[in-house]
file protein-v3.cif (mmCIF, C-alpha atoms)
data_protein
loop_
_atom_site.label_atom_id
_atom_site.label_comp_id
_atom_site.auth_asym_id
_atom_site.auth_seq_id
_atom_site.Cartn_x
_atom_site.Cartn_y
_atom_site.Cartn_z
CA MET A 1 1.24 43.02 -9.47
CA VAL A 2 1.61 41.84 -5.89
CA ASN A 3 -1.73 40.21 -6.12
CA GLU A 4 -0.78 38.37 -9.29
CA LYS A 5 2.37 37.04 -7.67
CA ASN A 6 0.38 35.87 -4.69
CA ASP A 7 -2.04 34.03 -6.97
CA GLU A 8 0.87 32.31 -8.64
CA LEU A 9 2.20 31.17 -5.27
CA ALA A 10 -1.23 29.99 -4.16
CA LEU A 11 -1.61 27.99 -7.37
CA ASP A 12 1.77 26.30 -6.86
CA CYS A 13 1.07 25.66 -3.20
CA LEU A 14 -2.33 24.07 -3.80
CA LEU A 15 -1.03 21.91 -6.63
CA LEU A 16 1.93 20.76 -4.55
CA ALA A 17 -0.38 19.75 -1.70
CA GLY A 18 -2.60 17.87 -4.15
CA GLN A 19 0.35 16.19 -5.81
CA ILE A 20 1.90 14.95 -2.55
CA MET A 21 -1.44 13.63 -1.30
CA MET A 22 -2.24 11.86 -4.56
CA GLU A 23 1.24 10.32 -4.80
CA SER A 24 0.89 9.05 -1.24
CA GLY A 25 -2.36 7.27 -2.04
CA ALA A 26 -5.07 9.53 -0.57
CA GLU A 27 -8.66 9.25 -1.80
CA THR A 28 -9.42 11.51 -4.76
CA TYR A 29 -12.36 13.31 -3.18
CA ARG A 30 -10.31 14.12 -0.11
CA VAL A 31 -7.50 15.57 -2.24
CA GLU A 32 -9.98 17.81 -4.02
CA ASP A 33 -11.60 18.78 -0.74
CA THR A 34 -8.25 19.70 0.85
CA MET A 35 -7.22 21.82 -2.14
CA LEU A 36 -10.53 23.69 -2.23
CA ARG A 37 -10.48 24.28 1.53
CA MET A 38 -6.99 25.76 1.29
CA ALA A 39 -8.10 27.95 -1.62
CA ARG A 40 -11.12 29.21 0.28
CA SER A 41 -8.98 30.18 3.26
CA GLN A 42 -6.99 32.44 0.87
CA ASN A 43 -10.22 33.95 -0.52
CA LEU A 44 -9.71 32.33 -3.90
CA ASP A 45 -12.47 30.87 -6.02
CA ALA A 46 -10.72 27.74 -7.27
CA GLN A 47 -11.92 24.98 -9.58
CA SER A 48 -10.17 21.64 -9.74
CA TYR A 49 -10.29 18.41 -11.67
CA VAL A 50 -8.48 15.58 -9.90
CA THR A 51 -7.71 12.17 -11.34
CA PRO A 52 -5.15 9.62 -10.11
CA THR A 53 -2.88 10.47 -13.05
CA GLY A 54 -3.06 14.26 -13.03
CA ILE A 55 -4.53 17.38 -11.43
CA ILE A 56 -5.88 20.47 -13.17
CA LEU A 57 -6.39 23.55 -11.02
CA SER A 58 -7.73 26.92 -12.03
CA LEU A 59 -8.25 30.02 -9.93
CA GLY A 60 -11.21 31.38 -11.87
CA LYS A 61 -12.35 32.62 -15.25
CA GLN A 62 -9.66 35.25 -15.86
CA GLN A 63 -6.85 33.58 -13.96
CA LYS A 64 -4.10 31.15 -14.76
CA THR A 65 -4.63 27.40 -14.89
CA LYS A 66 -2.00 24.79 -14.14
CA ILE A 67 -1.72 21.08 -14.73
CA ILE A 68 0.43 18.61 -12.88
CA SER A 69 0.87 15.00 -13.88
CA ILE A 70 1.26 12.19 -11.37
CA SER A 71 3.19 9.16 -12.48
CA SER A 72 3.73 7.07 -9.37
CA ARG A 73 1.42 6.22 -6.52
CA ILE A 74 2.49 4.45 -3.33
CA THR A 75 0.95 4.20 0.12
CA ASP A 76 2.63 6.63 2.49
CA LEU A 77 0.26 7.55 5.30
CA HIS A 78 2.79 9.72 7.11
CA LYS A 79 2.98 12.17 4.21
CA ILE A 80 -0.81 12.39 3.98
CA ALA A 81 -0.96 13.18 7.69
CA LYS A 82 1.74 15.85 7.31
CA VAL A 83 0.02 17.57 4.37
CA ASN A 84 -3.26 17.43 6.25
CA ASN A 85 -1.60 19.17 9.15
CA VAL A 86 -0.24 21.96 6.92
CA SER A 87 -3.65 22.40 5.33
CA ARG A 88 -5.31 22.60 8.74
CA LYS A 89 -2.82 25.22 9.94
CA LEU A 90 -3.26 27.25 6.76
CA THR A 91 -7.03 27.14 7.01
CA LEU A 92 -6.90 28.29 10.64
CA LYS A 93 -4.50 31.09 9.57
CA ILE A 94 -1.75 29.90 11.93
CA ILE A 95 0.77 30.01 9.06
CA THR A 96 0.95 32.12 5.91
CA LEU A 97 0.93 30.88 2.34
CA ASP A 98 4.72 31.31 2.07
CA GLU A 99 5.36 29.20 5.13
CA ALA A 100 2.91 26.58 3.95
CA TYR A 101 4.66 26.35 0.59
CA ASP A 102 8.05 25.94 2.29
CA GLU A 103 6.69 23.24 4.56
CA LEU A 104 5.14 21.38 1.64
CA ARG A 105 8.42 21.53 -0.30
CA MET A 106 10.13 20.10 2.76
CA ILE A 107 7.55 17.29 3.04
CA GLN A 108 7.94 16.44 -0.64
CA LYS A 109 11.71 16.04 -0.34
CA THR A 110 11.83 14.16 2.96
CA ASN A 111 11.67 10.38 3.10
CA TYR A 112 9.56 9.41 6.08
CA PHE A 113 9.89 5.66 5.64
CA LEU A 114 11.39 3.60 8.44
CA PRO A 115 14.64 1.69 7.76
CA ILE A 116 14.36 -1.03 5.15
CA TRP A 117 15.41 -3.91 7.41
CA LEU A 118 12.56 -3.01 9.76
CA GLN A 119 10.06 -2.95 6.88
CA ILE A 120 11.20 -6.38 5.71
CA LEU A 121 11.04 -7.76 9.26
CA MET A 122 7.52 -6.37 9.68
CA ALA A 123 6.39 -7.84 6.36
CA ALA A 124 7.66 -11.21 7.57
CA VAL A 125 5.92 -10.84 10.95
CA SER A 126 2.62 -9.86 9.36
CA SER A 127 2.78 -12.82 6.97
CA ALA A 128 3.31 -15.18 9.89
CA CYS A 129 0.35 -13.58 11.73
CA PHE A 130 -1.94 -13.78 8.70
CA LEU A 131 -1.24 -17.50 8.49
CA ILE A 132 -2.91 -17.93 11.89
CA LEU A 133 -5.81 -15.65 10.91
CA PHE A 134 -6.39 -17.80 7.81
CA LYS A 135 -6.65 -20.89 10.02
CA GLY A 136 -3.19 -22.22 9.17
CA THR A 137 -1.23 -24.49 11.48
CA TRP A 138 1.51 -23.39 13.88
CA PHE A 139 3.89 -25.69 12.02
CA ASP A 140 3.71 -23.53 8.86
CA MET A 141 4.52 -20.27 10.65
CA PRO A 142 8.30 -20.20 10.00
CA ALA A 143 7.69 -20.93 6.30
CA ALA A 144 5.22 -18.01 6.04
CA PHE A 145 7.64 -15.79 7.95
CA ILE A 146 10.46 -16.50 5.47
CA ALA A 147 8.17 -16.29 2.43
CA GLY A 148 6.78 -12.89 3.45
CA GLY A 149 10.21 -11.48 4.24
CA THR A 150 11.96 -12.62 1.06
CA GLY A 151 8.96 -11.59 -1.03
CA TYR A 152 9.02 -8.05 0.29
CA LEU A 153 12.80 -7.91 -0.09
CA ALA A 154 12.42 -8.96 -3.74
CA LEU A 155 9.72 -6.30 -4.24
CA LEU A 156 11.94 -3.53 -2.88
CA ALA A 157 14.99 -4.74 -4.82
CA ILE A 158 13.17 -4.82 -8.17
CA GLN A 159 11.50 -1.46 -7.48
CA HIS A 160 14.99 -0.09 -6.88
CA LEU A 161 16.40 -1.56 -10.09
CA THR A 162 13.64 -0.86 -12.59
CA LYS A 163 10.74 1.55 -12.82
CA VAL A 164 8.59 -0.84 -14.83
CA LYS A 165 5.22 -1.07 -13.09
CA PHE A 166 3.75 -4.40 -12.01
CA PHE A 167 6.98 -6.27 -12.75
CA SER A 168 8.17 -5.95 -9.15
CA GLU A 169 4.89 -7.44 -7.88
CA PHE A 170 5.16 -10.23 -10.41
CA PHE A 171 8.70 -11.07 -9.38
CA ALA A 172 7.96 -10.78 -5.63
CA SER A 173 5.03 -13.18 -5.80
CA PHE A 174 7.15 -15.52 -7.92
CA VAL A 175 9.76 -15.56 -5.15
CA ILE A 176 7.08 -16.12 -2.49
CA ALA A 177 5.62 -19.07 -4.35
CA LEU A 178 9.10 -20.48 -4.91
CA VAL A 179 9.93 -20.22 -1.19
CA ALA A 180 6.60 -21.79 -0.22
CA PHE A 181 7.13 -24.59 -2.72
CA SER A 182 10.66 -25.33 -1.50
CA THR A 183 9.73 -25.29 2.19
CA VAL A 184 6.91 -27.74 1.55
CA LYS A 185 9.24 -29.96 -0.52
CA LEU A 186 11.88 -29.88 2.21
CA GLY A 187 9.32 -30.83 4.83
CA TYR A 188 9.17 -27.54 6.73
CA GLY A 189 5.61 -26.72 5.69
CA ASN A 190 2.33 -28.50 5.04
CA GLU A 191 -0.20 -26.32 3.21
CA ILE A 192 1.41 -24.54 0.25
CA ASP A 193 -1.77 -22.54 -0.48
CA LYS A 194 -1.98 -20.95 2.95
CA ILE A 195 1.74 -20.13 3.00
CA ILE A 196 1.45 -18.39 -0.37
CA ILE A 197 -1.68 -16.44 0.57
CA SER A 198 -0.18 -15.14 3.81
CA GLY A 199 3.08 -14.40 2.01
CA VAL A 200 1.42 -12.20 -0.61
CA MET A 201 -0.71 -10.29 1.95
CA PRO A 202 1.81 -7.38 2.17
CA LEU A 203 1.54 -7.01 -1.62
CA VAL A 204 -2.19 -7.30 -2.36
CA PRO A 205 -3.91 -4.09 -3.50
CA GLY A 206 -6.76 -4.27 -0.99
CA VAL A 207 -6.47 -0.61 -0.09
CA LEU A 208 -6.60 0.38 -3.77
CA ILE A 209 -9.76 -1.66 -4.39
CA THR A 210 -11.55 -0.16 -1.41
CA ASN A 211 -10.45 3.38 -2.23
CA ALA A 212 -11.63 2.85 -5.80
CA VAL A 213 -15.13 2.00 -4.62
CA ARG A 214 -15.16 4.89 -2.14
CA ASP A 215 -14.11 7.32 -4.89
CA MET A 216 -16.89 6.08 -7.12
CA MET A 217 -19.42 6.57 -4.35
CA ALA A 218 -18.19 10.15 -3.92
CA GLY A 219 -18.94 10.78 -7.60
CA HIS A 220 -15.37 10.54 -8.93
CA LEU A 221 -16.19 7.91 -11.52
CA THR A 222 -13.04 8.45 -13.62
CA ALA A 223 -10.77 8.20 -10.61
CA GLY A 224 -12.56 5.11 -9.35
CA ILE A 225 -12.20 3.32 -12.66
CA ALA A 226 -8.52 4.29 -12.97
CA LYS A 227 -7.74 3.05 -9.47
CA GLY A 228 -9.77 -0.10 -10.02
CA THR A 229 -7.76 -0.82 -13.17
CA GLU A 230 -4.50 -0.33 -11.30
CA ALA A 231 -5.69 -2.66 -8.56
CA PHE A 232 -6.75 -5.27 -11.11
CA LEU A 233 -3.40 -5.13 -12.91
CA THR A 234 -1.52 -5.45 -9.61
CA ALA A 235 -3.63 -8.43 -8.59
CA PHE A 236 -3.07 -9.94 -12.02
CA ALA A 237 0.71 -9.49 -11.71
CA ILE A 238 0.69 -11.19 -8.30
CA GLY A 239 -1.51 -14.00 -9.58
CA SER A 240 0.64 -14.67 -12.61
CA GLY A 241 3.82 -14.65 -10.51
CA VAL A 242 2.34 -17.42 -8.39
CA ALA A 243 0.94 -19.14 -11.46
CA VAL A 244 4.40 -19.60 -13.01
CA VAL A 245 5.46 -21.67 -10.01
CA VAL A 246 2.14 -23.51 -9.71
CA ALA A 247 2.31 -24.48 -13.39
CA PHE A 248 5.54 -26.43 -12.74
CA TYR A 249 4.19 -27.78 -9.47
CA MET B 1 -9.01 -19.22 23.78
CA GLU B 2 -9.48 -19.18 20.03
CA TYR B 3 -10.77 -15.60 20.28
CA VAL B 4 -7.75 -14.47 22.29
CA ILE B 5 -5.34 -15.94 19.72
CA GLN B 6 -7.23 -14.26 16.87
CA LEU B 7 -7.23 -10.95 18.74
CA ILE B 8 -3.48 -11.00 19.40
CA PHE B 9 -2.52 -12.03 15.90
CA SER B 10 -4.85 -9.61 14.11
CA PHE B 11 -3.37 -6.82 16.23
CA LEU B 12 0.19 -7.88 15.35
CA ALA B 13 -0.58 -8.36 11.65
CA THR B 14 -2.22 -4.95 11.33
CA ALA B 15 0.40 -3.08 13.34
CA SER B 16 3.28 -4.59 11.38
CA LEU B 17 1.64 -3.85 8.01
CA CYS B 18 1.19 -0.25 9.19
CA VAL B 19 4.96 0.05 9.32
CA ILE B 20 5.08 -0.87 5.63
CA PHE B 21 2.37 1.67 4.79
CA ASN B 22 4.35 4.16 6.90
CA ALA B 23 1.69 5.27 9.34
CA PRO B 24 2.86 7.99 11.78
CA ILE B 25 4.73 6.15 14.54
CA LYS B 26 2.58 7.34 17.45
CA ALA B 27 -0.53 6.19 15.58
CA ILE B 28 0.67 2.62 14.96
CA PRO B 29 -0.68 1.07 18.21
CA TYR B 30 -4.08 2.66 17.54
CA CYS B 31 -4.00 1.35 13.97
CA GLY B 32 -3.34 -2.13 15.31
CA LEU B 33 -6.24 -1.75 17.71
CA VAL B 34 -8.62 -0.67 14.91
CA GLY B 35 -7.54 -3.65 12.80
CA ALA B 36 -8.00 -6.06 15.70
CA VAL B 37 -11.49 -4.71 16.50
CA GLY B 38 -12.55 -4.99 12.85
CA TRP B 39 -11.25 -8.53 12.56
CA MET B 40 -12.91 -9.65 15.82
CA ILE B 41 -16.27 -8.33 14.60
CA PHE B 42 -15.78 -10.12 11.29
CA TYR B 43 -14.67 -13.32 12.99
CA SER B 44 -17.54 -13.34 15.50
CA ALA B 45 -20.05 -12.62 12.74
CA LEU B 46 -18.74 -15.61 10.79
CA GLN B 47 -19.04 -17.79 13.92
CA LEU B 48 -22.68 -16.66 14.21
CA GLN B 49 -23.30 -18.13 10.72
CA LEU B 50 -23.67 -14.76 8.98
CA THR B 51 -22.56 -14.58 5.33
CA GLU B 52 -19.05 -13.34 4.64
CA VAL B 53 -20.31 -10.29 2.73
CA PHE B 54 -22.44 -9.14 5.64
CA ALA B 55 -19.66 -9.93 8.11
CA SER B 56 -17.24 -7.77 6.08
CA PHE B 57 -19.81 -4.98 6.02
CA LEU B 58 -20.17 -5.09 9.81
CA GLY B 59 -16.41 -5.22 10.30
CA ALA B 60 -15.78 -2.23 8.04
CA PHE B 61 -18.64 -0.33 9.69
CA VAL B 62 -17.07 -0.71 13.13
CA VAL B 63 -13.58 -0.01 11.75
CA ALA B 64 -14.76 3.30 10.35
CA ILE B 65 -16.43 4.28 13.64
CA CYS B 66 -13.19 3.59 15.55
CA ALA B 67 -11.19 5.39 12.87
CA GLN B 68 -13.34 8.49 13.20
CA GLY B 69 -12.87 8.53 16.93
CA PHE B 70 -9.10 8.13 16.77
CA ALA B 71 -8.80 10.62 13.91
CA ARG B 72 -10.46 13.27 16.04
CA ARG B 73 -8.44 12.37 19.10
CA LEU B 74 -5.00 12.20 17.44
CA LYS B 75 -5.67 14.90 14.85
CA SER B 76 -4.62 12.65 11.97
CA PRO B 77 -6.58 12.13 8.75
CA MET B 78 -9.08 9.29 8.91
CA ILE B 79 -7.44 7.37 6.05
CA VAL B 80 -4.53 6.42 8.33
CA PHE B 81 -6.83 4.33 10.52
CA ILE B 82 -9.17 3.15 7.75
CA VAL B 83 -6.34 1.74 5.64
CA SER B 84 -4.91 -0.14 8.59
CA GLY B 85 -8.29 -1.25 9.87
CA ILE B 86 -9.42 -2.90 6.66
CA ILE B 87 -6.11 -4.72 6.04
CA PRO B 88 -7.27 -7.96 7.70
CA LEU B 89 -10.70 -7.74 6.05
CA VAL B 90 -9.70 -7.32 2.40
CA PRO B 91 -10.23 -10.47 0.35
CA GLY B 92 -6.59 -10.96 -0.65
CA GLY B 93 -6.83 -14.71 -0.36
CA LEU B 94 -9.93 -14.83 -2.55
CA ALA B 95 -8.32 -12.60 -5.20
CA TYR B 96 -5.36 -14.95 -5.23
CA ASN B 97 -7.57 -18.04 -5.49
CA THR B 98 -9.47 -16.46 -8.40
CA LEU B 99 -6.33 -16.17 -10.51
CA ARG B 100 -5.13 -19.55 -9.36
CA TYR B 101 -8.34 -21.17 -10.63
CA PHE B 102 -8.06 -19.33 -13.94
CA VAL B 103 -4.51 -20.60 -14.36
CA GLU B 104 -5.71 -24.12 -13.67
CA GLN B 105 -8.37 -23.55 -16.36
CA ASN B 106 -11.14 -23.97 -13.81
CA TYR B 107 -13.04 -20.98 -15.19
CA THR B 108 -16.40 -21.51 -13.48
CA LEU B 109 -14.89 -21.71 -10.02
CA GLY B 110 -12.60 -18.78 -10.86
CA LEU B 111 -15.54 -16.55 -11.85
CA GLU B 112 -17.45 -17.55 -8.73
CA THR B 113 -14.50 -16.71 -6.47
CA GLY B 114 -13.85 -13.46 -8.32
CA ILE B 115 -17.43 -12.31 -7.81
CA ARG B 116 -17.21 -13.20 -4.12
CA ALA B 117 -14.03 -11.09 -3.81
CA PHE B 118 -15.68 -8.20 -5.67
CA LEU B 119 -18.80 -8.29 -3.47
CA ILE B 120 -16.73 -8.39 -0.29
CA SER B 121 -14.62 -5.40 -1.27
CA GLY B 122 -17.80 -3.57 -2.25
CA ALA B 123 -19.29 -4.40 1.15
CA ILE B 124 -16.19 -3.07 2.91
CA ALA B 125 -16.36 0.22 1.03
CA MET B 126 -20.11 0.49 1.69
CA GLY B 127 -19.56 -0.18 5.38
CA ILE B 128 -16.98 2.61 5.58
CA VAL B 129 -19.09 5.14 3.68
CA PHE B 130 -22.26 4.32 5.62
CA SER B 131 -20.62 4.67 8.98
CA GLU B 132 -18.82 7.84 7.88
CA VAL B 133 -22.13 9.43 6.92
CA ILE B 134 -24.04 8.19 9.97
CA PHE B 135 -21.30 9.19 12.40
CA GLN B 136 -21.01 12.63 10.86
CA LEU B 137 -24.75 13.16 10.83
CA PHE B 138 -24.71 12.27 14.51
CA VAL B 139 -21.87 14.73 15.20
CA GLN B 140 -23.63 17.35 13.12
CA PHE B 141 -26.69 16.78 15.21
CA MET B 142 -24.63 17.51 18.31
CA ARG B 143 -22.46 20.17 16.76
CA ASN B 144 -22.45 22.03 13.50
CA SER B 145 -19.95 20.27 11.27
CA LEU B 146 -19.87 18.52 7.90
CA THR B 147 -18.31 15.37 6.49
CA SER B 148 -15.68 15.87 3.86
CA MET B 149 -18.09 14.33 1.37
CA GLN B 150 -20.93 16.62 2.36
CA SER B 151 -18.85 19.77 2.30
CA PHE B 152 -17.43 18.61 -1.01
CA SER B 153 -20.84 18.26 -2.64
CA ARG B 154 -22.05 21.45 -1.01
CA ASN B 155 -19.14 23.38 -2.47
CA LYS B 156 -19.89 21.89 -5.87
CA ARG B 157 -23.44 23.12 -5.61
CA ARG B 158 -22.33 26.54 -4.46
CA GLN B 159 -20.12 27.06 -7.47
#
call {"tool": "encode", "arguments": {"input": "protein-v3.cif", "output": "structure tokens"}}
result
Amino acid sequence: MVNEKNDELALDCLLLAGQIMMESGAETYRVEDTMLRMARSQNLDAQSYVTPTGIILSLGKQQKTKIISISSRITDLHKIAKVNNVSRKLTLKIITLDEAYDELRMIQKTNYFLPIWLQILMAAVSSACFLILFKGTWFDMPAAFIAGGTGYLALLAIQHLTKVKFFSEFFASFVIALVAFSTVKLGYGNEIDKIIISGVMPLVPGVLITNAVRDMMAGHLTAGIAKGTEAFLTAFAIGSGVAVVVAFY
Amino acid sequence: MEYVIQLIFSFLATASLCVIFNAPIKAIPYCGLVGAVGWMIFYSALQLQLTEVFASFLGAFVVAICAQGFARRLKSPMIVFIVSGIIPLVPGGLAYNTLRYFVEQNYTLGLETGIRAFLISGAIAMGIVFSEVIFQLFVQFMRNSLTSMQSFSRNKRRQ
């Protein structure tokens, strides 16, 4: 009876770790690896099937199996690092399964993001920096700064208002293109293309594309294709947002 | 002079994007450093007339080596440094141009640009995986440890 309860807890704990990691944008093979490592430290013979949209975990032939579905994926490196830390401590037997489960619950609830004004400021700074990396002129820097900042603000605002995927990216890139267009029209910018490209850099799914290829190389073909599709749709949303403005221009 | 400007701005761009991706605060300067190193390799390779695909491969290779080092040192998962390191390398501009050409009904140029973007992102991923495997084989040679990929496949076989 005690053993059965412990198995139940282990199952929940492993799934929670997997869910947090997947929702924070970790690579699929690493999620599976972390879950199996944690299971082995508890002397469990676990089997798992991980995809970007759901995780199936079973503790063996006669044991229970649980499924968890994952609906949203963002990039949150702090959470991945935290879960990794818990998994390391559990594997080294520094903490027990109960403590690990409590810590994971805590991690799931906490919001580790920095204040929003700082995020927007940093998006603006990075856009201005990318302009120089893409061989833009110093004159265009303020335009890229404003475009990146307003674009990211629009992204966050729409994500707050509606849960529809890809629409926030579409709207954000629309705003960026609009800002770039107006600054060029008003004489505060020269090259509209470079301003737009540096403005959309905080939005582009480069990490998703690369993770998709890495997952495929680790043998997770399903996960790779799913992530690749998500990346393609995001890129398409960004492109069409810009395209609406360019069509009038 | 040009190199110094590129170095400073790639560091700033990477470090500020890390804030958006919410890297652990004490890791952010290291993330910026990884990004700057990757971009400098890429930039120098382009100046040496190498193709952009090969330059991206080299950049990602070095990024992953740095990431492994910092991951061990700061006890953070490697993805924190990899994600930040490849930010300047990813072909965001090319992906944008692809769709732009399609919208302008310039399909041939759009396809060409799209394939370039695809090859570059493939090269980045290859660079990371190659260096991960080589670095870990080296460490394994010195010590007895496994890459996550190796232990993953070994567990699969064991089951």
call {"tool": "atom_distance", "arguments": {"input": "protein-v3.cif", "atom1": "CA of Gly241 (chain A)", "atom2": "CA of Phe171 (chain A)"}}
result
6.2 Å
call {"tool": "atom_distance", "arguments": {"input": "protein-v3.cif", "atom1": "CA of Arg73 (chain A)", "atom2": "CA of Ser240 (chain A)"}}
result
21.8 Å
call {"tool": "closest_residue", "arguments": {"input": "protein-v3.cif", "among": "B:Gln68, B:Asn22, B:Ser153, B:Thr51", "to": "Val34 (chain B)", "atoms": "all atoms listed in the file"}}
result
B:Gln68
call {"tool": "residues_around", "arguments": {"input": "protein-v3.cif", "residues": "region 55-68 of chain A", "least_positions_apart": "2", "cutoff": "8 Å", "atoms": "all atoms listed in the file", "output": "PyMOL selection string"}}
result
chain A and resi 7-8+11+15+18-19+44-53+70
call {"tool": "atom_distance", "arguments": {"input": "protein-v3.cif", "atom1": "CA of Ala64 (chain B)", "atom2": "CA of Met40 (chain B)"}}
result
14.2 Å
